[in-house]
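Novice: Quick one: the structure is below, questions incoming.
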Amino acid sequence: MKYRYLLVDRIPRHLEEGVVYHTEEFELAGLLCACGCGHRITLLVPDSHQVWDEGGHATIRPSIGVFDAPCKSHYVISAGDVQWLRAFSDAQAANIMRAQIARHIEMDAKPVTWRQRASGAVASLFRKFLAFFSK
Ligand SMILES: [Zn+2]
């Protein structure tokens, strides 16, 4: 299976296997897990991941770690091809999640205080998800 790249206005409710959906407006990408488990993966683009169109196939960086589904898959997608990486342990997964949240807080650097910064980052993430799910 090769992942196709598809630029969309909104991530559709029903995803097809082997398609990476990317919406620039909502800064999200959506795909079904490469292991075939049916888990729906949502990526924050460009906050957490970069997605490119390579001749109609999708490239995603960095790797995708599936922490919130039983498969715990870990892989990168390059020009549509899936390259499997070693699965994360629960402890590693928790560390990576924590680091990502910390990075989000750091990146939202405009407001003055740490508290404002943190709430700004969380609020902007929340707005994205609300906009995404309230279709
Ligand atoms: Zn999976």
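Chain labels run A, B, ... following the order of the structure tokens; each chain numbers its residues from 1, and ligands are numbered from 1 in the order shown.
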What does the list of residues within 10 Å of ligand 1 look like if you count only C-alpha atoms and all ligand atoms, written as number ranges by chain?
Specialist: A: 32-41, 65-74
Novice: Restricted to C-alpha atoms, what would the selected residues look like written as a CSV table (one decimal), in the first residue's frame?
Specialist:
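And here's out-v9.csv as it stands now:
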chain,number,residue,atom,x,y,z
A,32,LEU,CA,-6.0,5.7,8.9
A,33,CYS,CA,-3.2,3.8,10.8
A,34,ALA,CA,-0.8,2.0,8.4
A,35,CYS,CA,-1.1,-1.3,10.4
A,36,GLY,CA,-4.7,-1.7,9.3
A,37,CYS,CA,-6.2,-1.4,12.8
A,38,GLY,CA,-8.6,1.3,11.5
A,39,HIS,CA,-7.4,3.8,14.1
A,40,ARG,CA,-7.9,7.4,12.8
A,41,ILE,CA,-4.7,9.5,13.2
A,65,GLY,CA,3.8,7.3,16.8
A,66,VAL,CA,0.4,5.9,17.6
A,67,PHE,CA,0.1,6.3,21.3
A,68,ASP,CA,-3.7,6.3,21.7
A,69,ALA,CA,-4.5,3.0,20.1
A,70,PRO,CA,-3.6,-0.6,21.1
A,71,CYS,CA,-1.3,-1.2,18.1
A,72,LYS,CA,1.3,1.4,19.4
A,73,SER,CA,2.6,1.5,15.8
A,74,HIS,CA,5.6,3.7,14.9
Novice: Enumerate, as a PyMOL selection string, the complete set of residues in segment 1-119 of chain A that a backbone-based DSSP assignment places in helix (DSSP H, G or I).
Specialist: chain A and resi 90-107+114-119
Novice: Considering only C-alpha atoms, state which residue in the set A:Glu16, A:Asp90, A:Glu25, A:Glu54 is at the smallest distance from Ile77 of chain A.
Specialist: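 Nearest candidate to Ile77 of chain A out of A:Glu16, A:Asp90, A:Glu25, A:Glu54: A:Glu54.
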Novice: Set the distance at 9 Å and use only C-alpha atoms: which residues neighbour Ile60 of chain A once local chain neighbours fewer than 3 positions away are removed? I'd like the list as an NGL selection string.
Specialist: :A and (49-52 or 63-64 or 76-80)
Novice: Excluding Leu6 of chain A and its own-chain neighbours fewer than 4 positions away, which residues fall within 9 Å of it when counting only C-alpha atoms? Please give them as a PyMOL selection string.
Specialist: chain A and resi 19-23+53+56-58
Novice: List every residue of segment 2-126 of chain A that DSSP, applied to the backbone, labels as strand (DSSP E or B), and write the result as a ChimeraX atom specification.
Specialist: /A:4-7,19-23,28-32,40-44,50-54,57-65,74-78,81-84
Novice: Counting only C-alpha atoms, what is within 8 Å of Glu24 of chain A, bar same-chain residues fewer than 3 positions away, as a list in words?
Specialist: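 Once the nearby chain positions are removed, what remains is Leu7, Val8, Asp9, Glu27, Leu28 and Val45 of chain A.
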Novice: Distance atom CA of Pro46 of chain A-atom CA of Arg86 of chain A, one decimal place?
Specialist: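 If I compute the distance from atom CA of Pro46 of chain A to atom CA of Arg86 of chain A, I get 24.1 Å.
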Novice: Using only C-alpha atoms, pick whichever of A:Arg98, A:Arg4, A:Arg103, A:Leu31 has the shortest atom-to-atom distance to Asp81 of chain A.
Specialist: A:Arg4
Novice: What is the atom CA of Gly55 of chain A to atom CA of Arg13 of chain A distance in Å?
Specialist: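 Those two atoms sit 25.2 Å apart.
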